[in-house]
Each structure stands twice: as C-alpha cells, then as structure tokens.
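K.L.:
Input structure: work-v4.txt, which contains compact mmCIF, C-alpha atoms.
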# COMPACT_ATOMS: atom_id res chain seq x y z
CA MET A 27 54.63 -137.23 -2.23
CA LYS A 28 52.02 -137.51 0.51
CA PRO A 29 49.62 -140.44 0.15
CA GLY A 30 46.10 -139.57 1.22
CA ALA A 31 43.12 -141.60 2.32
CA ARG A 32 42.27 -144.79 0.47
CA LYS A 33 38.73 -145.83 -0.23
CA GLY A 34 39.55 -149.51 0.15
CA GLY A 35 42.21 -151.30 2.15
CA ARG A 36 43.70 -153.41 -0.66
CA PRO A 37 46.63 -152.55 -2.89
CA LEU A 38 45.54 -151.20 -6.28
CA GLU A 39 45.06 -154.06 -8.70
CA PRO A 40 43.97 -154.32 -12.31
CA TRP A 41 40.52 -155.65 -13.07
CA THR A 42 40.17 -159.14 -14.47
CA VAL A 43 38.38 -159.51 -17.78
CA LEU A 44 36.16 -162.59 -17.52
CA GLY A 45 34.83 -162.27 -21.05
CA THR A 46 34.30 -159.80 -23.85
CA THR A 47 31.60 -159.50 -26.52
CA GLN A 48 31.81 -157.30 -29.59
CA VAL A 49 28.55 -155.42 -29.96
CA TYR A 50 29.51 -153.18 -32.90
CA SER A 51 32.40 -153.58 -35.29
CA ALA A 52 33.38 -151.58 -38.38
CA PRO A 53 37.04 -152.49 -38.89
CA PRO A 54 39.49 -150.84 -38.99
CA TRP A 55 37.57 -147.86 -37.66
CA ILE A 56 35.45 -148.64 -34.63
CA THR A 57 34.80 -151.60 -32.39
CA VAL A 58 32.56 -151.42 -29.34
CA SER A 59 32.90 -154.27 -26.87
CA VAL A 60 31.18 -155.17 -23.63
CA ASP A 61 33.60 -156.57 -21.05
CA ARG A 62 32.54 -158.70 -18.12
CA VAL A 63 35.03 -157.72 -15.42
CA ARG A 64 35.85 -158.73 -11.86
CA LEU A 65 36.95 -155.90 -9.58
CA PRO A 66 39.63 -156.45 -6.90
CA ASP A 67 36.91 -156.48 -4.21
CA GLY A 68 35.23 -159.45 -5.92
CA ARG A 69 32.31 -157.61 -7.50
CA VAL A 70 31.53 -158.63 -11.08
CA ILE A 71 30.38 -155.99 -13.58
CA ASP A 72 28.60 -157.53 -16.54
CA ASP A 73 28.66 -154.63 -18.96
CA TYR A 74 31.74 -152.40 -18.88
CA ARG A 75 31.90 -150.99 -22.39
CA GLN A 76 35.10 -150.31 -24.33
CA VAL A 77 35.56 -148.35 -27.55
CA THR A 78 38.45 -149.33 -29.81
CA LEU A 79 39.45 -146.62 -32.29
CA PRO A 80 42.48 -146.46 -34.58
CA GLU A 81 45.83 -145.70 -32.98
CA PHE A 82 47.09 -142.35 -34.27
CA VAL A 83 50.11 -140.05 -34.25
CA VAL A 84 50.27 -136.29 -33.75
CA VAL A 85 53.31 -134.29 -34.89
CA PHE A 86 54.51 -131.03 -33.36
CA ALA A 87 56.75 -129.91 -36.24
CA GLN A 88 58.84 -126.75 -36.16
CA THR A 89 60.76 -124.94 -38.87
CA PRO A 90 64.37 -123.87 -38.19
CA ASP A 91 63.05 -120.48 -36.96
CA GLY A 92 60.68 -122.20 -34.50
CA ARG A 93 57.38 -121.82 -36.33
CA VAL A 94 54.90 -124.65 -35.87
CA ILE A 95 53.19 -126.37 -38.81
CA VAL A 96 49.48 -125.99 -38.12
CA GLU A 97 46.55 -127.14 -40.22
CA ARG A 98 43.27 -125.32 -40.42
CA GLN A 99 40.44 -127.59 -41.46
CA TYR A 100 36.87 -128.61 -40.81
CA ARG A 101 36.83 -131.55 -38.40
CA HIS A 102 33.54 -133.37 -38.36
CA GLY A 103 34.17 -134.74 -34.84
CA ALA A 104 34.20 -131.13 -33.61
CA ARG A 105 31.56 -129.89 -36.10
CA ALA A 106 33.82 -126.88 -36.68
CA VAL A 107 36.69 -125.41 -38.66
CA THR A 108 39.59 -125.62 -36.23
CA LEU A 109 43.37 -125.49 -35.94
CA THR A 110 45.05 -128.87 -35.58
CA LEU A 111 48.47 -130.43 -36.02
CA PRO A 112 49.59 -132.93 -38.67
CA ALA A 113 48.21 -136.28 -37.55
CA GLY A 114 47.01 -139.56 -38.88
CA MET A 115 46.14 -143.15 -38.31
CA ARG A 116 48.82 -145.76 -37.83
CA GLU A 117 48.74 -148.45 -40.49
CA PRO A 118 48.87 -152.12 -39.47
CA GLY A 119 52.41 -153.09 -38.44
CA GLU A 120 53.71 -149.56 -38.91
CA ASP A 121 56.13 -148.20 -36.34
CA PRO A 122 54.73 -145.04 -34.68
CA LEU A 123 57.75 -142.94 -35.68
CA ALA A 124 57.54 -144.19 -39.28
CA CYS A 125 53.87 -143.22 -39.20
CA ALA A 126 54.74 -139.75 -37.92
CA ARG A 127 57.32 -139.24 -40.70
CA ARG A 128 54.86 -140.45 -43.32
CA GLU A 129 51.97 -138.31 -42.11
CA LEU A 130 54.13 -135.18 -41.88
CA LEU A 131 55.42 -135.67 -45.42
CA GLU A 132 52.03 -136.56 -46.91
CA GLU A 133 50.09 -133.82 -45.17
CA THR A 134 52.62 -131.01 -45.39
CA GLY A 135 55.48 -131.92 -47.77
CA TYR A 136 57.97 -131.42 -44.91
CA VAL A 137 60.64 -133.77 -43.55
CA SER A 138 62.93 -133.64 -40.51
CA ASP A 139 66.15 -135.30 -39.33
CA ASP A 140 65.49 -134.39 -35.70
CA TRP A 141 62.66 -136.43 -34.19
CA ARG A 142 61.83 -136.81 -30.49
CA PRO A 143 59.12 -139.10 -29.06
CA LEU A 144 56.82 -137.24 -26.65
CA GLY A 145 54.98 -140.25 -25.26
CA ALA A 146 51.84 -142.30 -25.85
CA PHE A 147 48.57 -141.57 -24.10
CA VAL A 148 45.10 -143.09 -23.81
CA PRO A 149 42.39 -140.68 -25.03
CA ASN A 150 39.72 -141.88 -22.58
CA GLY A 151 40.41 -143.56 -19.23
CA THR A 152 36.97 -145.15 -19.09
CA TYR A 153 36.41 -146.27 -22.69
CA GLY A 154 39.94 -146.35 -24.11
CA CYS A 155 39.38 -144.96 -27.61
CA GLY A 156 42.74 -146.00 -29.04
CA THR A 157 46.23 -144.68 -28.37
CA ALA A 158 47.66 -141.27 -29.26
CA ASN A 159 51.39 -141.18 -30.01
CA PHE A 160 53.09 -137.79 -29.95
CA PHE A 161 56.29 -136.69 -31.66
CA ALA A 162 58.28 -133.48 -31.99
CA ALA A 163 60.15 -132.77 -35.24
CA ARG A 164 62.59 -129.87 -35.37
CA GLY A 165 64.34 -128.12 -38.24
CA VAL A 166 61.75 -129.29 -40.76
CA ARG A 167 62.31 -128.50 -44.44
CA ARG A 168 59.93 -128.69 -47.34
CA VAL A 169 60.86 -131.30 -49.96
CA ALA A 170 57.60 -132.07 -51.74
CA GLU A 171 54.10 -130.96 -52.47
CA ARG A 172 51.38 -132.10 -50.13
CA ALA A 173 49.93 -135.43 -51.21
CA THR A 174 47.24 -136.36 -48.75
CA ASP A 175 44.04 -138.14 -49.68
CA ASP A 176 42.26 -136.90 -46.56
CA LEU A 177 38.67 -135.85 -47.06
CA GLU A 178 39.32 -132.53 -45.37
CA ASP A 179 40.18 -129.46 -47.39
CA THR A 180 43.13 -128.00 -45.48
CA GLU A 181 44.92 -124.69 -45.10
CA MET A 182 48.50 -124.95 -43.86
CA LEU A 183 49.84 -122.27 -41.53
CA LEU A 184 53.22 -121.61 -39.92
CA LEU A 185 52.50 -120.14 -36.48
CA THR A 186 54.81 -119.01 -33.73
CA VAL A 187 54.51 -120.96 -30.48
CA GLU A 188 52.86 -117.87 -28.97
CA GLU A 189 50.28 -117.70 -31.79
CA LEU A 190 49.39 -121.36 -31.32
CA ALA A 191 49.10 -120.80 -27.56
CA ALA A 192 46.66 -117.95 -28.24
CA ALA A 193 44.59 -120.26 -30.46
CA VAL A 194 44.42 -122.87 -27.67
CA ARG A 195 43.38 -120.19 -25.17
CA ASP A 196 40.63 -118.63 -27.28
CA GLY A 197 39.06 -121.84 -28.64
CA ARG A 198 40.35 -121.73 -32.24
CA ALA A 199 42.30 -124.94 -31.55
CA SER A 200 39.57 -127.13 -30.10
CA ILE A 201 40.92 -130.68 -30.33
CA LEU A 202 42.32 -132.27 -27.16
CA SER A 203 45.37 -133.82 -28.83
CA THR A 204 46.49 -130.38 -30.09
CA VAL A 205 46.64 -129.10 -26.50
CA ALA A 206 48.46 -132.22 -25.36
CA ALA A 207 51.03 -132.04 -28.18
CA PHE A 208 51.59 -128.34 -27.50
CA ALA A 209 52.20 -129.12 -23.82
CA LEU A 210 54.45 -132.12 -24.38
CA ALA A 211 56.62 -130.20 -26.87
CA THR A 212 56.83 -126.80 -25.18
CA HIS A 213 55.95 -126.94 -21.44
CA PRO A 214 59.09 -126.01 -19.51
CA LEU A 215 58.46 -128.84 -17.01
CA LEU A 216 57.83 -131.46 -19.71
CA THR A 217 60.74 -130.77 -22.05
CA PRO A 218 64.36 -131.85 -21.55
CA LYS A 219 66.71 -129.31 -19.99
CA PRO A 220 68.81 -127.72 -22.79
CA MET B 2 50.57 -115.66 -39.22
CA LYS B 3 51.66 -116.76 -42.67
CA PRO B 4 49.02 -118.67 -44.63
CA GLY B 5 50.49 -121.53 -46.62
CA ALA B 6 49.35 -123.51 -49.60
CA ARG B 7 45.77 -124.67 -49.82
CA LYS B 8 44.77 -128.04 -51.21
CA GLY B 9 41.58 -126.66 -52.71
CA GLY B 10 40.65 -123.19 -53.90
CA ARG B 11 37.46 -122.75 -51.88
CA PRO B 12 37.08 -121.14 -48.46
CA LEU B 13 36.94 -123.70 -45.65
CA GLU B 14 33.36 -124.75 -45.07
CA PRO B 15 31.65 -127.18 -42.73
CA TRP B 16 30.32 -130.43 -44.13
CA THR B 17 26.60 -130.83 -44.57
CA VAL B 18 24.97 -133.77 -42.81
CA LEU B 19 22.44 -135.27 -45.21
CA GLY B 20 21.30 -137.95 -42.82
CA THR B 21 22.37 -139.90 -39.76
CA THR B 22 21.67 -143.46 -38.64
CA GLN B 23 22.35 -144.82 -35.15
CA VAL B 24 24.08 -148.17 -35.47
CA TYR B 25 24.79 -148.80 -31.78
CA SER B 26 23.25 -147.12 -28.77
CA ALA B 27 23.68 -147.75 -25.06
CA PRO B 28 22.41 -144.53 -23.48
CA PRO B 29 23.71 -142.58 -21.68
CA TRP B 30 27.09 -144.17 -22.33
CA ILE B 31 27.81 -144.73 -26.00
CA THR B 32 26.13 -144.02 -29.31
CA VAL B 33 27.72 -144.83 -32.65
CA SER B 34 26.17 -143.13 -35.67
CA VAL B 35 26.84 -143.24 -39.38
CA ASP B 36 26.52 -139.82 -41.00
CA ARG B 37 25.90 -139.29 -44.68
CA VAL B 38 27.78 -136.07 -45.41
CA ARG B 39 28.32 -133.74 -48.35
CA LEU B 40 31.79 -132.19 -48.57
CA PRO B 41 32.28 -128.60 -49.80
CA ASP B 42 33.55 -129.96 -53.16
CA GLY B 43 30.25 -131.78 -53.70
CA ARG B 44 31.40 -135.31 -52.92
CA VAL B 45 29.02 -137.33 -50.78
CA ILE B 46 30.41 -139.75 -48.17
CA ASP B 47 27.88 -142.36 -47.17
CA ASP B 48 29.47 -143.70 -44.00
CA TYR B 49 31.32 -141.16 -41.85
CA ARG B 50 31.09 -142.64 -38.36
CA GLN B 51 30.69 -140.63 -35.16
CA VAL B 52 31.06 -141.79 -31.57
CA THR B 53 29.05 -139.98 -28.91
CA LEU B 54 30.38 -140.43 -25.38
CA PRO B 55 29.38 -138.65 -22.18
CA GLU B 56 30.55 -135.08 -21.72
CA PHE B 57 32.94 -134.90 -18.78
CA VAL B 58 34.85 -132.48 -16.58
CA VAL B 59 38.45 -132.63 -15.38
CA VAL B 60 39.59 -130.62 -12.36
CA PHE B 61 43.11 -129.35 -11.74
CA ALA B 62 42.77 -128.64 -8.01
CA GLN B 63 45.53 -127.14 -5.89
CA THR B 64 45.89 -126.75 -2.15
CA PRO B 65 46.93 -123.36 -0.72
CA ASP B 66 50.59 -124.50 -0.89
CA GLY B 67 50.24 -125.41 -4.58
CA ARG B 68 50.00 -129.18 -4.37
CA VAL B 69 47.78 -130.85 -6.94
CA ILE B 70 45.08 -133.37 -6.00
CA VAL B 71 45.94 -136.49 -7.99
CA GLU B 72 44.18 -139.84 -8.00
CA ARG B 73 45.92 -143.14 -8.49
CA GLN B 74 43.60 -145.81 -9.77
CA TYR B 75 43.17 -148.64 -12.24
CA ARG B 76 41.53 -147.29 -15.40
CA HIS B 77 40.11 -150.01 -17.57
CA GLY B 78 40.34 -147.83 -20.71
CA ALA B 79 44.12 -147.79 -20.20
CA ARG B 80 44.33 -151.33 -18.82
CA ALA B 81 46.67 -149.93 -16.16
CA VAL B 82 46.98 -148.35 -12.74
CA THR B 83 47.67 -144.71 -13.56
CA LEU B 84 47.67 -141.19 -12.12
CA THR B 85 44.67 -139.07 -13.08
CA LEU B 86 42.87 -135.96 -11.90
CA PRO B 87 39.43 -135.70 -10.32
CA ALA B 88 36.96 -136.04 -13.17
CA GLY B 89 33.50 -137.21 -13.95
CA MET B 90 30.54 -137.30 -16.24
CA ARG B 91 28.24 -134.32 -16.56
CA GLU B 92 24.68 -135.12 -15.54
CA PRO B 93 21.80 -134.12 -17.82
CA GLY B 94 21.14 -130.38 -17.53
CA GLU B 95 24.06 -129.87 -15.16
CA ASP B 96 26.25 -126.80 -15.66
CA PRO B 97 29.89 -127.82 -16.30
CA LEU B 98 31.19 -125.78 -13.35
CA ALA B 99 28.53 -127.26 -11.05
CA CYS B 100 29.64 -130.68 -12.27
CA ALA B 101 33.29 -129.84 -11.52
CA ARG B 102 32.41 -128.70 -7.98
CA ARG B 103 30.35 -131.83 -7.40
CA GLU B 104 32.97 -134.24 -8.72
CA LEU B 105 35.76 -132.60 -6.71
CA LEU B 106 33.73 -132.81 -3.52
CA GLU B 107 32.50 -136.37 -4.10
CA GLU B 108 35.84 -137.78 -5.22
CA THR B 109 38.12 -135.95 -2.80
CA GLY B 110 36.12 -134.22 -0.07
CA TYR B 111 37.64 -130.88 -1.10
CA VAL B 112 35.93 -127.59 -2.04
CA SER B 113 37.21 -124.31 -3.46
CA ASP B 114 36.03 -120.70 -3.70
CA ASP B 115 38.43 -119.93 -6.56
CA TRP B 116 37.41 -121.61 -9.82
CA ARG B 117 38.68 -120.79 -13.31
CA PRO B 118 37.37 -122.36 -16.55
CA LEU B 119 40.21 -123.70 -18.72
CA GLY B 120 38.20 -124.38 -21.85
CA ALA B 121 36.28 -127.18 -23.54
CA PHE B 122 37.89 -129.53 -26.06
CA VAL B 123 36.85 -132.34 -28.38
CA PRO B 124 38.66 -135.61 -27.57
CA ASN B 125 38.79 -136.85 -31.18
CA GLY B 126 38.63 -134.64 -34.27
CA THR B 127 37.46 -137.48 -36.48
CA TYR B 128 34.96 -139.31 -34.29
CA GLY B 129 34.08 -136.69 -31.66
CA CYS B 130 33.88 -138.81 -28.49
CA GLY B 131 32.14 -136.21 -26.35
CA THR B 132 33.38 -132.97 -24.86
CA ALA B 133 36.01 -132.49 -22.15
CA ASN B 134 35.55 -129.43 -19.92
CA PHE B 135 38.55 -128.32 -17.86
CA PHE B 136 38.61 -126.29 -14.66
CA ALA B 137 41.26 -125.06 -12.24
CA ALA B 138 40.42 -124.79 -8.55
CA ARG B 139 42.82 -123.02 -6.22
CA GLY B 140 43.07 -122.84 -2.44
CA VAL B 141 41.09 -126.05 -1.97
CA ARG B 142 40.19 -127.14 1.55
CA ARG B 143 38.93 -130.45 2.83
CA VAL B 144 35.41 -130.32 4.26
CA ALA B 145 34.15 -133.90 3.99
CA GLU B 146 35.03 -137.52 3.56
CA ARG B 147 35.18 -138.85 0.05
CA ALA B 148 31.81 -140.17 -1.06
CA THR B 149 32.17 -141.48 -4.58
CA ASP B 150 30.36 -144.50 -5.92
CA ASP B 151 32.92 -145.00 -8.70
CA LEU B 152 33.87 -148.60 -9.36
CA GLU B 153 37.55 -147.75 -9.11
CA ASP B 154 39.42 -148.20 -5.87
CA THR B 155 41.37 -144.96 -5.56
CA GLU B 156 44.41 -143.64 -3.73
CA MET B 157 44.48 -139.87 -3.33
CA LEU B 158 47.82 -138.05 -3.54
CA LEU B 159 48.91 -134.44 -3.14
CA LEU B 160 51.73 -133.88 -5.63
CA THR B 161 53.79 -130.82 -6.40
CA VAL B 162 53.43 -129.50 -9.96
CA GLU B 163 56.96 -130.78 -10.62
CA GLU B 164 56.07 -134.28 -9.36
CA LEU B 165 53.02 -134.41 -11.62
CA ALA B 166 55.15 -133.22 -14.56
CA ALA B 167 57.58 -136.07 -13.88
CA ALA B 168 54.67 -138.54 -13.91
CA VAL B 169 53.51 -137.21 -17.30
CA ARG B 170 57.04 -137.48 -18.67
CA ASP B 171 57.71 -141.04 -17.50
CA GLY B 172 54.34 -142.58 -18.36
CA ARG B 173 52.84 -142.91 -14.87
CA ALA B 174 50.11 -140.43 -15.91
CA SER B 175 48.90 -142.01 -19.13
CA ILE B 176 45.52 -140.42 -19.82
CA LEU B 177 45.34 -137.66 -22.43
CA SER B 178 43.07 -135.37 -20.42
CA THR B 179 45.57 -135.33 -17.53
CA VAL B 180 48.25 -133.89 -19.84
CA ALA B 181 45.79 -131.38 -21.26
CA ALA B 182 44.61 -130.23 -17.82
CA PHE B 183 48.21 -129.93 -16.63
CA ALA B 184 49.03 -127.78 -19.65
CA LEU B 185 45.94 -125.58 -19.46
CA ALA B 186 46.50 -124.90 -15.76
CA THR B 187 50.28 -124.46 -15.64
CA HIS B 188 51.79 -123.73 -19.09
CA PRO B 189 53.27 -120.21 -18.94
CA LEU B 190 51.80 -119.40 -22.38
CA LEU B 191 48.33 -120.71 -21.54
CA THR B 192 47.80 -119.11 -18.14
CA PRO B 193 46.78 -115.51 -17.44
CA LYS B 194 49.59 -113.09 -16.63
CA PRO B 195 49.68 -112.53 -12.84
The structure given in the file should be rewritten as structure tokens.
P.N.:
Amino acid sequence: MKPGARKGGRPLEPWTVLGTTQVYSAPPWITVSVDRVRLPDGRVIDDYRQVTLPEFVVVFAQTPDGRVIVERQYRHGARAVTLTLPAGMREPGEDPLACARRELLEETGYVSDDWRPLGAFVPNGTYGCGTANFFAARGVRRVAERATDDLEDTEMLLLTVEELAAAVRDGRASILSTVAAFALATHPLLTPKP
Amino acid sequence: MKPGARKGGRPLEPWTVLGTTQVYSAPPWITVSVDRVRLPDGRVIDDYRQVTLPEFVVVFAQTPDGRVIVERQYRHGARAVTLTLPAGMREPGEDPLACARRELLEETGYVSDDWRPLGAFVPNGTYGCGTANFFAARGVRRVAERATDDLEDTEMLLLTVEELAAAVRDGRASILSTVAAFALATHPLLTPKP
C-alpha cells in the first residue's frame, strides 16, 4: 500500500454537523435534509444536502444446483423492465437477516438454512440514500406460494451464474445493487476460500 | 433459462405516467417528484415518488503494473472516512467518457489512452437516484498535479486488486458504486476474454 500525495496536510477527519433542517419529508419513504457542516479546515458549508431513503436488503439466493433466483419486473426508478434480485425494505426494528428471510419467502416462496451476510453499503457517498444490506442464501427450497403485495408484476427466473453475468454485461440487469450482490456473492476475491 | 411462476397473467409492461409534480427541487442537485402512475392491471397509484440526483461517473483506473487508483476521504453520505474510486458528476451536455477523463485528471493528475466502458446502472430501482456510468482505464500515467475543487480532503493510494478486494470485504470501502466498479472491471465473468 503506497500512500500518494495529499491535498491537505491534516489527518482525515469527519465533518462536524452544526445543524440540520428537513426540507422535504414523506415518512417512511423519503426525507431530504440540508446540513450545515464544518470541514476539518474550518470552512463552513451552509447547504450540504442529504437524502434519507429506506434501508433495504438484497438476497443472492441459489438453489442446490447453483441457480440464482432472479426477478424480472418493471422498475419505475429505471423506467424499464429489468432483471433484479429478491429485495425489500427493512421494517422498523427488524434485523437485516430477518428482513432478508422474510423478503425471500414473500417474494419467491423459498427458504434457506444457509445464510451468509455479504456486507452493508451506502448507495451514494455524497447524499447517502439509505443503506443496502446484502445476503447470500444457499440450498434454497420452495415451501410456499409467492405472497408479495408489491406493486410490480413479477416473473421469477432461475438463472445460472453465467446467465446472470451475461445479463449484467448486456444491460438486461440495470440496477446497481444487482451488480453489487452478484460481485459480493461470486467474485473469487470477495468470497471465502472453500 | 427456466421461466418460473408469474404473479399475473399479462406480459410485463411499463407503467404509464399520468402526471408528475415536483415537490422539492434544488437544481442541479436534487429533485423529488410525485408521479401519478397507471399499472398494467389498471390500478392507479397517486403518489409514487422519484428522486432525481446528478448523473455521475466512476473510474476504475489501473497503473501499468495493475495497481488501482483509490481515494481515501470522508464521505458525508456515509458519515465515515472510506475508500472510494475517482468519481464525479457529469456536467450538462458532457459525454460520460469525457466526464470520466476529466474527473480522473482533476482528482488524480493521471491520464490514460486505454478506456473501456463498463456500463450504466440505476442506483435505486424504486426511486431512481440518477445514473452511474462506469469506466475502466488501463496503463494510466501521471501528467499533472491534482486540481480538484472537491470539498473533501483526500488521500490518494495505489492498491493492488487484492488489497482493494480486502477493503470491500472488511468494510473499509463502504460505498456501493466502489463494489460495482470493482466487479465490472475485475470479475472473471464480467470482463472480456483476453
């Protein structure tokens, strides 16, 4: 690890929030706030905006033969029919893993006894936009019918890892969290050594 | 590819936007809109919210010996000092590749003659939140001092791919687009065969 040039001469420090004002709020969906912040060099920024969105989970679920549960649906945020993974909003007080189990069962009818956390990431370094929690579930088995009340009409597919990779490459899987989940679950450098 | 059960019996169709109302706008940073949409089954949803954020680029840049240009900085969206990649907001009318070249040069002082587009993805399937454009740059060489006017004080590092993978695994690289860029540039199933 070779440190390069620094712009400033100080150690890296968090900013200090001097005050925050909500400028738009539609709970539990969206809150936009304006933070007044002091930078480590003493400058004060009066209007650094933050977007709070619901925390969510994304599940990379695989059948015993390694196929991935993929959903094909229209996503209004993308204005397109696209391939995504089972995912959903964390309910207040709900543990992220409990949320992942619930969303997988509701959206697909599948359960798993083999869960692995893949990490939590911030969707946008500038604005925040919530927290994305990722999980891998292996050896899933179907125990129920799907019972989601999502607005989206959904087609469920079982794709090989290679087929999902092709969809990421050619734009059929267009949501950022799908790429991230795929990487966290299958990248040789990100997965535990067998 | 094995199609599974469908929730509805209709082909997947986009929603129809019947109207849209801006409820918060701070151009060019953030716009929150409320869409009135008609679903394919005829239901009308009066308040489907969308968040428009600036389109941005993320650059996975590697030196001739394969080291990745990584930035260590406080990101207020994550409320943490974290490892990220060179990135920035696309200016009006700017081509995404031109933006990637500009941001790499401004933020790091490096240029490349070997650029590869890695795709464009939507940060949030529900709310949108802009578009993230990814690029790989190989064989970068330093031609200038860094000249960014970003608020963030930044430390520049040259990490091996394995070191960056370790940072993704252990939470030191906590921004979603960093994981996605890492995957798009280095995942064996997402990169072109040599």
K.L.:
Would you tabulate, counting all atoms listed in the file, all residues of chain A that have an atom at most 7 Å from an atom of chain B, showing the closest pair of atoms and their distance in Å to one decimal, sorted by chain then ascending number, as CSV?
P.N.:
residue,atom,partner,partner_atom,distance
A:Met27,CA,B:Leu160,CA,5.6
A:Lys28,CA,B:Leu159,CA,5.7
A:Pro29,CA,B:Leu158,CA,4.8
A:Gly30,CA,B:Met157,CA,4.8
A:Ala31,CA,B:Met157,CA,6.1
A:Arg32,CA,B:Glu156,CA,4.9
A:Lys33,CA,B:Thr155,CA,6.0
A:Gly34,CA,B:Asp154,CA,6.2
A:Leu38,CA,B:Gln74,CA,6.7
A:Glu39,CA,B:Tyr75,CA,6.7
A:Pro40,CA,B:Tyr75,CA,5.7
A:Tyr50,CA,B:Tyr25,CA,6.5
A:Gln76,CA,B:Gly78,CA,6.8
A:Gln99,CA,B:Leu13,CA,6.7
A:Tyr100,CA,B:Pro15,CA,5.7
A:Arg101,CA,B:Gly126,CA,5.5
A:His102,CA,B:Thr127,CA,6.0
A:Gly103,CA,B:Gly129,CA,3.7
A:Ala104,CA,B:Gly126,CA,5.7
A:Ala106,CA,B:Pro15,CA,6.4
A:Val107,CA,B:Pro15,CA,6.7
A:Phe147,CA,B:Ser175,CA,5.0
A:Val148,CA,B:Ile176,CA,4.8
A:Pro149,CA,B:Leu177,CA,5.0
A:Asn150,CA,B:Gly78,CA,6.3
A:Gly151,CA,B:Gly78,CA,4.5
A:Thr152,CA,B:Gly78,CA,4.6
A:Tyr153,CA,B:Gly78,CA,4.7
A:Gly154,CA,B:Gly78,CA,3.7
A:Asp179,CA,B:Lys8,CA,6.1
A:Thr180,CA,B:Lys8,CA,6.0
A:Glu181,CA,B:Arg7,CA,4.8
A:Met182,CA,B:Gly5,CA,4.8
A:Leu183,CA,B:Pro4,CA,4.8
A:Leu184,CA,B:Lys3,CA,5.8
A:Leu185,CA,B:Met2,CA,5.6
A:Glu188,CA,B:Leu190,CA,6.8
A:Ala191,CA,B:Leu190,CA,6.0
A:Arg195,CA,B:Leu191,CA,6.2
A:Ser200,CA,B:Phe122,CA,5.0
A:Ile201,CA,B:Val123,CA,4.8
A:Leu202,CA,B:Pro124,CA,5.0
A:Val205,CA,B:Ala181,CA,5.8
A:Ala206,CA,B:Ala181,CA,5.0
A:Ala209,CA,B:Ala184,CA,5.4
A:His213,CA,B:His188,CA,5.8
A:Leu215,CA,B:Ala166,CA,6.0
A:Leu216,CA,B:Ala166,CA,6.1
K.L.:
For atom CA of Met90 of chain B and atom CA of Ala211 of chain A, quote the distance in Å rounded to one decimal.
P.N.:
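Distance reported for this atom pair: 29.0 Å.
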K.L.:
When you draw a straight line from atom CA of Arg116 of chain A to atom CA of Phe82 of chain A, how long is it in Å?
P.N.:
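That distance, rounded to one decimal, is 5.2 Å.
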K.L.:
For a test of reading the model, state the distance in Å between atom CA of Val58 of chain B and atom CA of Gln48 of chain A, rounded to one decimal.
P.N.:
28.2 Å
K.L.:
Taking (38.1, -123.9, -4.7) in the file's own coordinates, collect the residues within 12 Å, counting only C-alpha atoms, and hand them back as an mmCIF file with C-alpha atoms, keeping the file's coordinate frame.
P.N.:
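Below is the file part.cif, written as the result:
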data_model
loop_
_atom_site.group_PDB
_atom_site.id
_atom_site.type_symbol
_atom_site.label_atom_id
_atom_site.label_comp_id
_atom_site.auth_asym_id
_atom_site.auth_seq_id
_atom_site.Cartn_x
_atom_site.Cartn_y
_atom_site.Cartn_z
ATOM 1 C CA VAL B 60 39.590 -130.620 -12.360
ATOM 2 C CA PHE B 61 43.110 -129.350 -11.740
ATOM 3 C CA ALA B 62 42.770 -128.640 -8.010
ATOM 4 C CA GLN B 63 45.530 -127.140 -5.890
ATOM 5 C CA THR B 64 45.890 -126.750 -2.150
ATOM 6 C CA PRO B 65 46.930 -123.360 -0.720
ATOM 7 C CA ILE B 70 45.080 -133.370 -6.000
ATOM 8 C CA LEU B 98 31.190 -125.780 -13.350
ATOM 9 C CA ALA B 99 28.530 -127.260 -11.050
ATOM 10 C CA ALA B 101 33.290 -129.840 -11.520
ATOM 11 C CA ARG B 102 32.410 -128.700 -7.980
ATOM 12 C CA ARG B 103 30.350 -131.830 -7.400
ATOM 13 C CA LEU B 105 35.760 -132.600 -6.710
ATOM 14 C CA LEU B 106 33.730 -132.810 -3.520
ATOM 15 C CA GLY B 110 36.120 -134.220 -0.070
ATOM 16 C CA TYR B 111 37.640 -130.880 -1.100
ATOM 17 C CA VAL B 112 35.930 -127.590 -2.040
ATOM 18 C CA SER B 113 37.210 -124.310 -3.460
ATOM 19 C CA ASP B 114 36.030 -120.700 -3.700
ATOM 20 C CA ASP B 115 38.430 -119.930 -6.560
ATOM 21 C CA TRP B 116 37.410 -121.610 -9.820
ATOM 22 C CA ARG B 117 38.680 -120.790 -13.310
ATOM 23 C CA PRO B 118 37.370 -122.360 -16.550
ATOM 24 C CA PHE B 136 38.610 -126.290 -14.660
ATOM 25 C CA ALA B 137 41.260 -125.060 -12.240
ATOM 26 C CA ALA B 138 40.420 -124.790 -8.550
ATOM 27 C CA ARG B 139 42.820 -123.020 -6.220
ATOM 28 C CA GLY B 140 43.070 -122.840 -2.440
ATOM 29 C CA VAL B 141 41.090 -126.050 -1.970
ATOM 30 C CA ARG B 142 40.190 -127.140 1.550
ATOM 31 C CA ARG B 143 38.930 -130.450 2.830
ATOM 32 C CA VAL B 144 35.410 -130.320 4.260
#
K.L.:
Which one of A:Lys219, A:Leu44, A:Asp73, A:Cys125 sits closest to Ala113 of chain A if you count only C-alpha atoms?
P.N.:
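Nearest candidate to Ala113 of chain A out of A:Lys219, A:Leu44, A:Asp73, A:Cys125: A:Cys125.
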K.L.:
Can you report as AutoDock Vina command-line options the centre and edge lengths in Å, to one decimal, of an axis-aligned box around the listed atoms of segment 33-37 of chain B padded with 5 Å on each side?
P.N.:
--center_x 26.8 --center_y -142.1 --center_z -38.7 --size_x 11.8 --size_y 15.5 --size_z 22.0
K.L.:
Would you please work out which residue, of B:Val45, B:Val69, B:Val59, B:Val35, is nearest to Glu104 of chain B when using all atoms listed in the file?
P.N.:
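Nearest candidate to Glu104 of chain B out of B:Val45, B:Val69, B:Val59, B:Val35: B:Val59.
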